[in-house]
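Trainee: The following file, upload-v6.csv, comprises CSV, C-alpha atoms:
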chain,number,residue,atom,x,y,z
A,873,MET,CA,-57.9,46.9,93.0
A,874,ILE,CA,-59.6,43.5,93.7
A,875,LYS,CA,-60.5,43.3,90.1
A,876,ARG,CA,-56.9,43.9,89.0
A,877,LEU,CA,-55.7,41.3,91.5
A,878,SER,CA,-58.2,38.6,90.4
A,879,VAL,CA,-57.4,39.3,86.7
A,880,SER,CA,-53.7,38.9,87.2
A,881,LEU,CA,-54.3,35.8,89.4
A,882,ILE,CA,-56.4,34.2,86.7
A,883,LEU,CA,-53.9,35.1,84.0
A,884,ALA,CA,-51.0,33.9,86.0
A,885,SER,CA,-52.6,30.5,86.7
A,886,LEU,CA,-53.5,30.2,83.0
A,887,GLY,CA,-49.9,31.1,82.1
A,888,LEU,CA,-48.7,28.4,84.5
A,889,ILE,CA,-50.9,25.9,82.7
A,890,PHE,CA,-49.6,27.0,79.3
A,891,VAL,CA,-46.0,26.8,80.5
A,892,ALA,CA,-46.6,23.3,81.8
A,893,LEU,CA,-48.2,22.3,78.5
A,894,LEU,CA,-45.3,23.8,76.5
A,895,LEU,CA,-42.7,22.0,78.6
A,896,GLY,CA,-44.5,18.7,78.5
A,897,TYR,CA,-45.0,18.9,74.7
A,898,SER,CA,-42.9,16.7,72.5
A,899,PRO,CA,-43.7,16.8,68.7
A,900,ASP,CA,-44.8,13.6,67.1
A,901,GLU,CA,-42.2,11.8,65.1
A,902,GLU,CA,-44.8,10.3,62.7
A,903,LEU,CA,-48.4,10.8,61.9
A,904,ASN,CA,-51.1,9.6,64.2
A,905,VAL,CA,-53.7,7.1,63.0
A,906,THR,CA,-56.2,9.6,61.6
A,907,GLY,CA,-53.5,11.6,59.9
A,908,ARG,CA,-51.9,8.5,58.4
A,909,TYR,CA,-55.3,7.3,57.1
A,910,TYR,CA,-55.9,10.6,55.4
A,911,ALA,CA,-52.4,10.8,53.9
A,912,GLU,CA,-52.5,7.3,52.6
A,913,HIS,CA,-56.1,7.0,51.3
A,914,THR,CA,-56.8,10.5,50.0
A,915,ALA,CA,-55.2,10.0,46.6
A,916,GLU,CA,-57.0,6.8,45.7
A,917,ASP,CA,-60.3,7.3,47.5
A,918,ILE,CA,-60.9,11.0,46.8
A,919,GLY,CA,-58.4,11.9,44.1
A,920,ALA,CA,-57.6,15.3,45.5
A,921,ALA,CA,-53.9,16.4,45.7
A,922,ASN,CA,-54.6,18.7,48.6
A,923,ILE,CA,-55.3,16.5,51.6
A,924,VAL,CA,-56.7,19.3,53.7
A,925,THR,CA,-59.3,20.0,51.0
A,926,ALA,CA,-60.2,16.3,50.9
A,927,ILE,CA,-60.8,16.4,54.7
A,928,ILE,CA,-62.8,19.5,54.6
A,929,VAL,CA,-65.0,18.8,51.5
A,930,THR,CA,-65.4,15.1,51.6
A,931,TYR,CA,-64.3,13.3,54.8
A,932,ARG,CA,-65.7,15.9,57.1
A,933,GLY,CA,-68.0,17.5,54.5
A,934,LEU,CA,-71.0,17.5,56.9
A,935,ASP,CA,-69.0,19.8,59.3
A,936,THR,CA,-68.3,22.1,56.4
A,937,LEU,CA,-72.0,22.3,55.6
A,938,GLY,CA,-72.5,23.2,59.3
A,939,GLU,CA,-69.8,25.8,59.1
A,940,VAL,CA,-71.3,27.4,56.1
A,941,THR,CA,-74.7,27.4,57.9
A,942,VAL,CA,-73.1,29.1,60.8
A,943,LEU,CA,-71.7,31.8,58.5
A,944,PHE,CA,-75.1,32.2,56.9
A,945,LEU,CA,-76.7,32.6,60.3
A,946,THR,CA,-74.0,35.2,61.3
A,947,ALA,CA,-74.7,37.1,58.1
A,948,SER,CA,-78.4,37.1,58.7
A,949,ILE,CA,-78.1,38.1,62.3
A,950,VAL,CA,-75.8,41.0,61.4
A,951,GLY,CA,-78.3,42.1,58.8
A,952,LEU,CA,-81.1,41.8,61.4
A,953,VAL,CA,-79.2,43.6,64.2
A,954,LEU,CA,-78.0,46.4,61.9
A,955,ALA,CA,-81.3,46.8,60.0
A,956,ARG,CA,-82.2,50.4,59.5
A,957,GLN,CA,-85.1,51.9,61.4
A,958,SER,CA,-86.2,54.3,58.7
A,959,LYS,CA,-85.4,54.3,55.1
A,960,ASN,CA,-85.1,58.0,54.6
A,961,THR,CA,-82.5,59.0,57.2
A,962,PRO,CA,-80.4,61.9,55.9
A,963,THR,CA,-77.1,60.4,54.8
A,964,ILE,CA,-73.9,62.1,55.2
A,965,GLN,CA,-72.3,63.3,51.9
A,966,ALA,CA,-68.9,61.7,51.8
A,967,GLU,CA,-66.1,63.3,50.1
A,968,PRO,CA,-65.2,61.7,46.8
A,969,ALA,CA,-62.2,59.3,47.0
A,970,GLY,CA,-59.0,60.4,45.4
A,971,GLU,CA,-57.9,59.7,41.9
A,972,LEU,CA,-55.4,57.0,42.9
A,973,LEU,CA,-58.0,55.1,44.9
A,974,ASN,CA,-60.6,55.4,42.2
A,975,ILE,CA,-58.4,54.2,39.3
A,976,GLY,CA,-56.6,51.7,41.5
A,977,SER,CA,-59.8,50.0,42.6
A,978,ARG,CA,-61.2,50.0,39.0
A,979,LEU,CA,-58.0,48.2,38.0
A,980,LEU,CA,-57.8,45.9,41.0
A,981,VAL,CA,-61.3,44.7,41.6
A,982,PRO,CA,-61.6,42.5,38.5
A,983,LEU,CA,-58.1,41.1,39.2
A,984,ILE,CA,-59.0,40.3,42.8
A,985,LEU,CA,-62.2,38.6,41.7
A,986,ILE,CA,-60.3,36.5,39.2
A,987,LEU,CA,-57.7,35.6,41.8
A,988,GLY,CA,-60.6,34.6,44.2
A,989,ALA,CA,-62.2,32.4,41.5
A,990,TYR,CA,-58.8,30.8,40.7
A,991,VAL,CA,-58.1,30.1,44.4
A,992,PHE,CA,-61.4,28.3,44.9
A,993,ILE,CA,-61.5,26.4,41.6
A,994,ASN,CA,-58.0,25.0,42.3
A,995,GLY,CA,-58.8,24.2,45.9
A,996,HIS,CA,-58.2,20.5,45.4
A,997,LEU,CA,-54.7,21.0,43.9
A,998,THR,CA,-53.1,24.0,45.5
A,999,PRO,CA,-53.2,25.6,49.0
A,1000,GLY,CA,-56.5,27.4,49.1
A,1001,GLY,CA,-60.1,26.6,48.5
A,1002,GLY,CA,-63.6,27.9,49.0
A,1003,PHE,CA,-63.2,29.8,52.2
A,1004,GLN,CA,-60.0,31.5,51.2
A,1005,GLY,CA,-61.3,32.3,47.7
A,1006,GLY,CA,-64.5,33.6,49.2
A,1007,ALA,CA,-62.6,35.8,51.6
A,1008,ILE,CA,-60.5,37.2,48.6
A,1009,ILE,CA,-63.8,37.9,46.7
A,1010,ALA,CA,-65.1,39.7,49.7
A,1011,SER,CA,-62.0,41.8,49.8
A,1012,ALA,CA,-62.9,43.1,46.4
A,1013,THR,CA,-66.2,44.2,47.9
A,1014,LEU,CA,-64.3,45.9,50.7
A,1015,LEU,CA,-62.1,47.8,48.2
A,1016,MET,CA,-65.2,49.0,46.4
A,1017,LEU,CA,-66.7,50.1,49.7
A,1018,LEU,CA,-63.5,51.9,50.6
A,1019,THR,CA,-63.5,53.8,47.3
A,1020,ASP,CA,-67.1,54.8,47.6
A,1021,PRO,CA,-68.6,54.4,51.1
A,1022,MET,CA,-72.0,55.5,49.7
A,1023,ARG,CA,-72.1,52.7,47.1
A,1024,ARG,CA,-75.2,50.5,47.5
A,1025,PHE,CA,-74.9,46.8,46.7
A,1026,SER,CA,-78.0,44.9,45.8
A,1027,HIS,CA,-78.9,42.8,48.8
A,1028,ARG,CA,-81.2,40.9,46.5
A,1029,LEU,CA,-78.3,39.8,44.2
A,1030,ILE,CA,-76.1,38.8,47.2
A,1031,ALA,CA,-79.0,36.8,48.6
A,1032,ILE,CA,-79.7,35.1,45.3
A,1033,ILE,CA,-76.0,34.1,44.8
A,1034,GLU,CA,-75.9,32.8,48.3
A,1035,SER,CA,-79.1,30.8,48.2
A,1036,ILE,CA,-78.4,29.2,44.8
A,1037,ALA,CA,-74.9,28.2,45.9
A,1038,GLY,CA,-76.2,26.7,49.2
A,1039,LEU,CA,-79.0,24.9,47.3
A,1040,PHE,CA,-76.6,23.3,44.8
A,1041,PHE,CA,-74.2,22.4,47.6
A,1042,VAL,CA,-76.9,20.4,49.4
A,1043,THR,CA,-78.2,19.0,46.1
A,1044,ILE,CA,-74.7,17.7,45.2
A,1045,GLY,CA,-74.5,16.3,48.7
A,1046,LEU,CA,-77.8,14.4,48.2
A,1047,LEU,CA,-76.6,13.2,44.8
A,1048,GLY,CA,-73.8,11.6,46.7
A,1049,ILE,CA,-76.3,9.5,48.7
A,1050,PHE,CA,-78.0,8.2,45.6
A,1051,LEU,CA,-75.1,7.8,43.1
A,1052,ALA,CA,-72.2,7.1,45.5
A,1053,GLY,CA,-71.4,6.0,49.0
A,1054,GLY,CA,-73.1,8.7,51.1
A,1055,PHE,CA,-73.9,12.3,51.8
A,1056,LEU,CA,-71.4,14.6,50.1
A,1057,ASP,CA,-69.5,11.7,48.6
A,1058,ASN,CA,-67.6,13.2,45.7
A,1059,ARG,CA,-67.3,10.0,43.7
A,1060,PHE,CA,-70.5,10.1,41.7
A,1061,MET,CA,-68.4,12.0,39.1
A,1062,PRO,CA,-65.3,10.5,37.5
A,1063,ILE,CA,-62.3,11.0,39.7
A,1064,GLY,CA,-60.2,11.7,36.6
A,1065,GLU,CA,-56.4,12.0,36.3
A,1066,PHE,CA,-54.8,12.7,39.7
A,1067,GLY,CA,-53.5,16.3,39.9
A,1068,SER,CA,-55.4,17.8,36.9
A,1069,LEU,CA,-58.0,20.5,37.2
A,1070,PHE,CA,-60.9,18.2,36.3
A,1071,SER,CA,-60.2,15.6,38.9
A,1072,ALA,CA,-61.3,14.6,42.4
A,1073,GLY,CA,-65.0,14.1,41.4
A,1074,ALA,CA,-67.3,16.7,42.6
A,1075,ILE,CA,-64.8,18.5,44.9
A,1076,PRO,CA,-64.0,21.4,42.4
A,1077,ILE,CA,-67.8,22.1,42.0
A,1078,ILE,CA,-68.5,21.8,45.7
A,1079,TYR,CA,-65.6,24.1,46.6
A,1080,SER,CA,-66.6,26.6,44.0
A,1081,LEU,CA,-70.1,26.7,45.4
A,1082,ILE,CA,-68.6,27.2,48.9
A,1083,GLY,CA,-66.4,29.9,47.6
A,1084,LEU,CA,-69.4,31.8,46.0
A,1085,LYS,CA,-71.4,31.3,49.2
A,1086,VAL,CA,-68.7,32.4,51.5
A,1087,GLY,CA,-67.9,35.4,49.3
A,1088,ALA,CA,-71.5,36.4,49.2
A,1089,GLU,CA,-71.9,36.0,53.0
A,1090,PHE,CA,-68.8,38.0,53.8
A,1091,SER,CA,-69.8,40.7,51.3
A,1092,SER,CA,-73.3,40.8,52.9
A,1093,MET,CA,-71.7,41.4,56.4
A,1094,LEU,CA,-69.4,44.1,55.0
A,1095,VAL,CA,-72.3,45.8,53.3
A,1096,SER,CA,-74.5,45.6,56.4
A,1097,LEU,CA,-71.8,47.1,58.5
A,1098,SER,CA,-71.1,49.8,56.0
A,1099,GLU,CA,-74.7,50.8,55.7
A,1100,ALA,CA,-75.1,50.9,59.4
A,1101,GLU,CA,-72.2,53.4,59.5
A,1102,ASP,CA,-73.8,55.7,57.0
A,1103,SER,CA,-77.3,55.9,58.6
B,1249,MET,CA,-38.9,26.5,66.0
B,1250,ILE,CA,-42.1,24.8,66.9
B,1251,TYR,CA,-41.7,25.9,70.5
B,1252,ILE,CA,-41.3,29.5,69.4
B,1253,ALA,CA,-44.5,29.3,67.5
B,1254,MET,CA,-46.3,27.6,70.4
B,1255,ALA,CA,-45.0,30.1,72.9
B,1256,THR,CA,-46.0,33.0,70.7
B,1257,GLY,CA,-49.5,31.5,70.5
B,1258,PHE,CA,-49.8,31.1,74.2
B,1259,ILE,CA,-48.5,34.6,74.8
B,1260,LEU,CA,-51.1,36.0,72.3
B,1261,VAL,CA,-53.8,34.1,74.1
B,1262,LEU,CA,-52.7,35.6,77.5
B,1263,MET,CA,-52.4,39.1,76.0
B,1264,GLY,CA,-55.8,38.8,74.4
B,1265,LEU,CA,-57.5,37.7,77.7
B,1266,TYR,CA,-55.7,40.4,79.7
B,1267,GLY,CA,-57.0,43.0,77.2
B,1268,ALA,CA,-60.5,41.6,77.3
B,1269,LEU,CA,-60.5,41.5,81.1
B,1270,THR,CA,-59.0,44.9,81.9
B,1271,ASN,CA,-60.4,47.2,79.2
B,1272,SER,CA,-63.7,48.7,79.7
B,1273,ASN,CA,-64.2,49.8,76.1
B,1274,ILE,CA,-66.2,47.3,74.1
B,1275,LEU,CA,-64.3,47.8,70.9
B,1276,ARG,CA,-61.0,47.2,72.7
B,1277,MET,CA,-62.4,44.0,74.1
B,1278,ILE,CA,-63.4,42.8,70.6
B,1279,VAL,CA,-59.8,43.5,69.4
B,1280,SER,CA,-58.5,41.6,72.4
B,1281,PHE,CA,-60.7,38.6,71.6
B,1282,THR,CA,-59.5,38.5,68.0
B,1283,ILE,CA,-55.9,38.5,69.3
B,1284,ALA,CA,-56.6,35.6,71.7
B,1285,ASN,CA,-58.4,33.8,68.8
B,1286,THR,CA,-55.2,34.2,66.6
B,1287,GLY,CA,-53.1,32.8,69.5
B,1288,VAL,CA,-55.3,29.7,69.7
B,1289,ASN,CA,-55.0,29.2,65.9
B,1290,ILE,CA,-51.2,29.5,66.0
B,1291,VAL,CA,-51.0,26.9,68.8
B,1292,LEU,CA,-53.3,24.5,66.9
B,1293,VAL,CA,-51.2,24.8,63.7
B,1294,ALA,CA,-48.0,24.4,65.7
B,1295,VAL,CA,-49.3,21.1,67.2
B,1296,GLY,CA,-49.7,19.7,63.7
B,1297,TYR,CA,-46.3,20.7,62.6
B,1298,MET,CA,-43.5,18.0,62.3
B,1299,HIS,CA,-39.9,18.8,61.8
B,1300,GLY,CA,-38.5,18.1,58.3
B,1301,ARG,CA,-41.9,17.5,56.7
B,1302,THR,CA,-43.9,19.5,54.1
B,1303,ALA,CA,-47.4,20.7,53.5
B,1304,PRO,CA,-50.1,18.0,53.1
B,1305,ILE,CA,-50.3,18.5,49.3
B,1306,LEU,CA,-49.4,15.7,47.0
B,1307,ASP,CA,-47.4,16.7,43.9
B,1308,LYS,CA,-44.1,15.9,42.2
B,1309,THR,CA,-42.0,16.3,45.3
B,1310,VAL,CA,-44.4,14.3,47.5
B,1311,SER,CA,-45.5,11.1,45.8
B,1312,VAL,CA,-48.6,9.3,46.8
B,1313,ALA,CA,-46.7,6.2,48.1
B,1314,GLU,CA,-44.5,8.1,50.5
B,1315,ALA,CA,-47.1,10.6,51.5
B,1316,SER,CA,-47.5,9.4,55.1
B,1317,ALA,CA,-43.7,9.8,55.7
B,1318,LYS,CA,-43.4,13.2,54.2
B,1319,VAL,CA,-46.4,15.4,55.1
B,1320,ILE,CA,-47.4,17.0,58.3
B,1321,ASP,CA,-50.7,16.3,60.1
B,1322,PRO,CA,-53.5,17.6,57.9
B,1323,VAL,CA,-56.2,17.4,60.6
B,1324,PRO,CA,-55.2,20.5,62.7
B,1325,GLN,CA,-54.9,22.5,59.4
B,1326,ALA,CA,-58.5,21.6,58.5
B,1327,LEU,CA,-59.6,22.4,62.0
B,1328,VAL,CA,-57.8,25.8,62.0
B,1329,LEU,CA,-59.3,26.7,58.6
B,1330,THR,CA,-62.7,26.2,60.2
B,1331,ALA,CA,-61.7,28.1,63.3
B,1332,ILE,CA,-60.5,31.1,61.4
B,1333,VAL,CA,-63.8,31.4,59.4
B,1334,ILE,CA,-65.9,31.0,62.5
B,1335,GLY,CA,-63.7,33.5,64.3
B,1336,LEU,CA,-64.4,36.0,61.6
B,1337,GLY,CA,-68.1,35.4,61.9
B,1338,VAL,CA,-68.0,35.9,65.7
B,1339,THR,CA,-66.0,39.1,65.4
B,1340,THR,CA,-68.5,40.5,62.9
B,1341,LEU,CA,-71.4,39.6,65.3
B,1342,MET,CA,-69.6,41.3,68.2
B,1343,LEU,CA,-69.0,44.4,66.1
B,1344,ALA,CA,-72.7,44.5,65.1
B,1345,TYR,CA,-73.9,44.1,68.7
B,1346,ALA,CA,-71.3,46.8,69.8
B,1347,TYR,CA,-72.8,49.1,67.2
B,1348,ARG,CA,-76.3,48.4,68.4
B,1349,LEU,CA,-75.3,49.0,72.0
B,1350,TYR,CA,-73.7,52.3,71.1
B,1351,ILE,CA,-76.9,53.4,69.3
B,1352,THR,CA,-79.0,52.4,72.4
B,1353,LYS,CA,-76.8,53.9,75.1
B,1354,GLY,CA,-74.5,56.4,73.3
B,1355,THR,CA,-71.5,54.9,75.0
B,1356,LEU,CA,-69.2,51.9,74.5
B,1357,ASP,CA,-68.0,51.8,78.2
B,1358,ILE,CA,-69.0,48.4,79.5
B,1359,ALA,CA,-69.3,49.8,83.1
B,1360,LYS,CA,-72.2,51.9,81.9
B,1361,PHE,CA,-74.3,48.8,81.0
B,1362,THR,CA,-75.7,48.0,84.4
B,1363,GLU,CA,-79.0,46.2,83.5
B,1364,LEU,CA,-77.7,42.8,84.3
B,1365,LYS,CA,-75.8,43.8,87.4
B,1366,TRP,CA,-77.0,43.0,90.9
Starting from the file, lay out its structure as structure tokens.

Mentor:
Amino acid sequence: MIKRLSVSLILASLGLIFVALLLGYSPDEELNVTGRYYAEHTAEDIGAANIVTAIIVTYRGLDTLGEVTVLFLTASIVGLVLARQSKNTPTIQAEPAGELLNIGSRLLVPLILILGAYVFINGHLTPGGGFQGGAIIASATLLMLLTDPMRRFSHRLIAIIESIAGLFFVTIGLLGIFLAGGFLDNRFMPIGEFGSLFSAGAIPIIYSLIGLKVGAEFSSMLVSLSEAEDS
Amino acid sequence: MIYIAMATGFILVLMGLYGALTNSNILRMIVSFTIANTGVNIVLVAVGYMHGRTAPILDKTVSVAEASAKVIDPVPQALVLTAIVIGLGVTTLMLAYAYRLYITKGTLDIAKFTELKW
């Protein structure tokens, strides 16, 4: 009873704060200083059509590196926590998936992978980018796991893709120090024609690497969870 | 419009916290946390929205010269992109720990885990 009361009290006060925030909120009429700087300088400085991508990959590139590191840590901890005690536990024999799911996944998995690659390669031009593309790629893994829960993915392959993508990400960041203005500066490669695929310096490469890395990390989490369920 | 989005976000946060505080099943708490997480993201995106403007992507309709008058604030969008990804990582971690707790104790009822209680 006391617990219910305290919970409703906490939530009511939080709700009051939210209502006060909502009533006191008036939307901005124009961009604030930071937003205006990004909107005005992205095109000539970075050369990316998508301003959000320019912020994530270049202006705040170090944060993105940290974020990818957090994801890597998460994937490793999930793998560690769910690590199997013994290799030869009797596994449950799952019923085979239906014809529709089998054929459908065989048709869809390549298409999903291509869509994921498209999304992260065009991250500097269209809505999307490495994280979204990586998540799409991981959804292909999820579809394969749904079709055949007993399927075993090579942890080694996932780890290799992930490490190589991370290594190149940091290497490109370091190249920025020596050839351009600073860590993760994209301008050591030609900025190119604004709005074309090969533009914005190193952003397409960095975002593709992030896409591969995120896809590998999400897939590794899914595979770890799936294997824990089987054992 | 923006107020609807913000109110929805705040309500989702409250719903999520209510669920996390009142449920005793760990899985339900995890679901509640993801709901609260979604609410926070909606509020953040709503803060960056400005009426009559478009997405911060420069193309034929939004030229470089008039960008600052036509696009919405890109900073909250970048922030939310980060928050979504980290939220997914946190959810996965919680699920992994919940699985481990279930293996150890054979139950997902939070009231049965009394080791840290005094």

Trainee: With all atoms listed in the file as the counted atoms, please give the residues lying no more than 8 Å from Leu1341 (chain B), apart from itself and same-chain residues fewer than 4 positions off, as a list in words.

Mentor: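 Surrounding residues, per the criterion: Thr946, Ile949 and Val950 of chain A; Gly1337 and Tyr1345 of chain B.
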
Trainee: Which one of B:Leu1327, B:Ile1274, B:Tyr1266, B:Leu1336 sits closest to Gly1296 (chain B) if you count only C-alpha atoms?

Mentor: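 Ranking B:Leu1327, B:Ile1274, B:Tyr1266, B:Leu1336 by distance to Gly1296 (chain B), first place goes to B:Leu1327.
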
Trainee: Please provide as an MDAnalysis selection string all residues within 7 Å of region 1254-1258 of chain B, with the sequence filter that same-chain residues fewer than 4 positions apart are discarded (counting only C-alpha atoms).

Mentor: (chainID A and resid 890) or (chainID B and resid 1250 1262 1287:1288 1290:1291 1294)

Trainee: Report, in Å to a single decimal, how far apart CA of Gly1083 (chain A) and CA of Ser948 (chain A) are.

Mentor: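 It comes out at 17.9 Å.
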
Trainee: Residues of chain B within 9 Å of chain A, counting only C-alpha atoms, what are they? List them as a CSV table (one decimal) with C-alpha atoms, in the frame of the given file.

Mentor:
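File produced: part19.csv:
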chain,number,residue,atom,x,y,z
B,1250,ILE,CA,-42.1,24.8,66.9
B,1251,TYR,CA,-41.7,25.9,70.5
B,1254,MET,CA,-46.3,27.6,70.4
B,1255,ALA,CA,-45.0,30.1,72.9
B,1258,PHE,CA,-49.8,31.1,74.2
B,1259,ILE,CA,-48.5,34.6,74.8
B,1262,LEU,CA,-52.7,35.6,77.5
B,1265,LEU,CA,-57.5,37.7,77.7
B,1266,TYR,CA,-55.7,40.4,79.7
B,1269,LEU,CA,-60.5,41.5,81.1
B,1270,THR,CA,-59.0,44.9,81.9
B,1295,VAL,CA,-49.3,21.1,67.2
B,1296,GLY,CA,-49.7,19.7,63.7
B,1297,TYR,CA,-46.3,20.7,62.6
B,1298,MET,CA,-43.5,18.0,62.3
B,1299,HIS,CA,-39.9,18.8,61.8
B,1303,ALA,CA,-47.4,20.7,53.5
B,1304,PRO,CA,-50.1,18.0,53.1
B,1305,ILE,CA,-50.3,18.5,49.3
B,1306,LEU,CA,-49.4,15.7,47.0
B,1307,ASP,CA,-47.4,16.7,43.9
B,1312,VAL,CA,-48.6,9.3,46.8
B,1313,ALA,CA,-46.7,6.2,48.1
B,1314,GLU,CA,-44.5,8.1,50.5
B,1315,ALA,CA,-47.1,10.6,51.5
B,1316,SER,CA,-47.5,9.4,55.1
B,1317,ALA,CA,-43.7,9.8,55.7
B,1319,VAL,CA,-46.4,15.4,55.1
B,1320,ILE,CA,-47.4,17.0,58.3
B,1321,ASP,CA,-50.7,16.3,60.1
B,1322,PRO,CA,-53.5,17.6,57.9
B,1323,VAL,CA,-56.2,17.4,60.6
B,1325,GLN,CA,-54.9,22.5,59.4
B,1326,ALA,CA,-58.5,21.6,58.5
B,1327,LEU,CA,-59.6,22.4,62.0
B,1329,LEU,CA,-59.3,26.7,58.6
B,1330,THR,CA,-62.7,26.2,60.2
B,1333,VAL,CA,-63.8,31.4,59.4
B,1334,ILE,CA,-65.9,31.0,62.5
B,1336,LEU,CA,-64.4,36.0,61.6
B,1337,GLY,CA,-68.1,35.4,61.9
B,1338,VAL,CA,-68.0,35.9,65.7
B,1340,THR,CA,-68.5,40.5,62.9
B,1341,LEU,CA,-71.4,39.6,65.3
B,1343,LEU,CA,-69.0,44.4,66.1
B,1344,ALA,CA,-72.7,44.5,65.1
B,1345,TYR,CA,-73.9,44.1,68.7
B,1347,TYR,CA,-72.8,49.1,67.2
B,1348,ARG,CA,-76.3,48.4,68.4

Trainee: Show me as a PyMOL selection string the residues that reach within 12 Å of (-75.6, 14.7, 47.5), counting all atoms listed in the file and using the file's own coordinates.

Mentor: chain A and resi 930+933-934+937+1039-1061+1074-1075+1078

Trainee: Selection from above, C-alpha atoms, as a tab-separated table (two decimals), in the coordinates of the input, can you write it?

Mentor:
chain	number	residue	atom	x	y	z
A	930	THR	CA	-65.40	15.10	51.60
A	933	GLY	CA	-68.00	17.50	54.50
A	934	LEU	CA	-71.00	17.50	56.90
A	937	LEU	CA	-72.00	22.30	55.60
A	1039	LEU	CA	-79.00	24.90	47.30
A	1040	PHE	CA	-76.60	23.30	44.80
A	1041	PHE	CA	-74.20	22.40	47.60
A	1042	VAL	CA	-76.90	20.40	49.40
A	1043	THR	CA	-78.20	19.00	46.10
A	1044	ILE	CA	-74.70	17.70	45.20
A	1045	GLY	CA	-74.50	16.30	48.70
A	1046	LEU	CA	-77.80	14.40	48.20
A	1047	LEU	CA	-76.60	13.20	44.80
A	1048	GLY	CA	-73.80	11.60	46.70
A	1049	ILE	CA	-76.30	9.50	48.70
A	1050	PHE	CA	-78.00	8.20	45.60
A	1051	LEU	CA	-75.10	7.80	43.10
A	1052	ALA	CA	-72.20	7.10	45.50
A	1053	GLY	CA	-71.40	6.00	49.00
A	1054	GLY	CA	-73.10	8.70	51.10
A	1055	PHE	CA	-73.90	12.30	51.80
A	1056	LEU	CA	-71.40	14.60	50.10
A	1057	ASP	CA	-69.50	11.70	48.60
A	1058	ASN	CA	-67.60	13.20	45.70
A	1059	ARG	CA	-67.30	10.00	43.70
A	1060	PHE	CA	-70.50	10.10	41.70
A	1061	MET	CA	-68.40	12.00	39.10
A	1074	ALA	CA	-67.30	16.70	42.60
A	1075	ILE	CA	-64.80	18.50	44.90
A	1078	ILE	CA	-68.50	21.80	45.70

Trainee: Leaving out Ile1032 (chain A) and any residue of its chain fewer than 4 positions from it, which residues lie within 12 Å of it when counting all atoms listed in the file, given as an MDAnalysis selection string?

Mentor: chainID A and resid 1026:1028 1036:1039 1084:1085 1088:1089 1092

Trainee: So the first atom is CA of Gly1073 (chain A) and the second is CA of Phe992 (chain A); what is the distance between them in Å, to one decimal place?

Mentor: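 A separation of 15.1 Å between them.
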
Trainee: Please compute the CA of Val981 (chain A)-CA of Ala1031 (chain A) distance, one decimal, in Å.

Mentor: 20.6 Å

Trainee: A:Asn974, A:Thr941, A:Ser885, A:Asn994: which is nearest Ser1068 (chain A), counting all atoms listed in the file?

Mentor: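 Of all the options, A:Asn994 lies closest to Ser1068 (chain A).
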
Trainee: Near Asn1273 (chain B), within 8 Å and counting all atoms listed in the file, which residues show up once chain neighbours fewer than 5 positions away are dropped, as a short mmCIF file (atom, residue, chain, number, x, y, z; two decimals) with C-alpha atoms, in the frame of the given file?

Mentor:
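Written file, selection07.cif:
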data_model
loop_
_atom_site.label_atom_id
_atom_site.label_comp_id
_atom_site.auth_asym_id
_atom_site.auth_seq_id
_atom_site.Cartn_x
_atom_site.Cartn_y
_atom_site.Cartn_z
CA LEU B 1356 -69.20 51.90 74.50
CA ASP B 1357 -68.00 51.80 78.20
CA ILE B 1358 -69.00 48.40 79.50
#
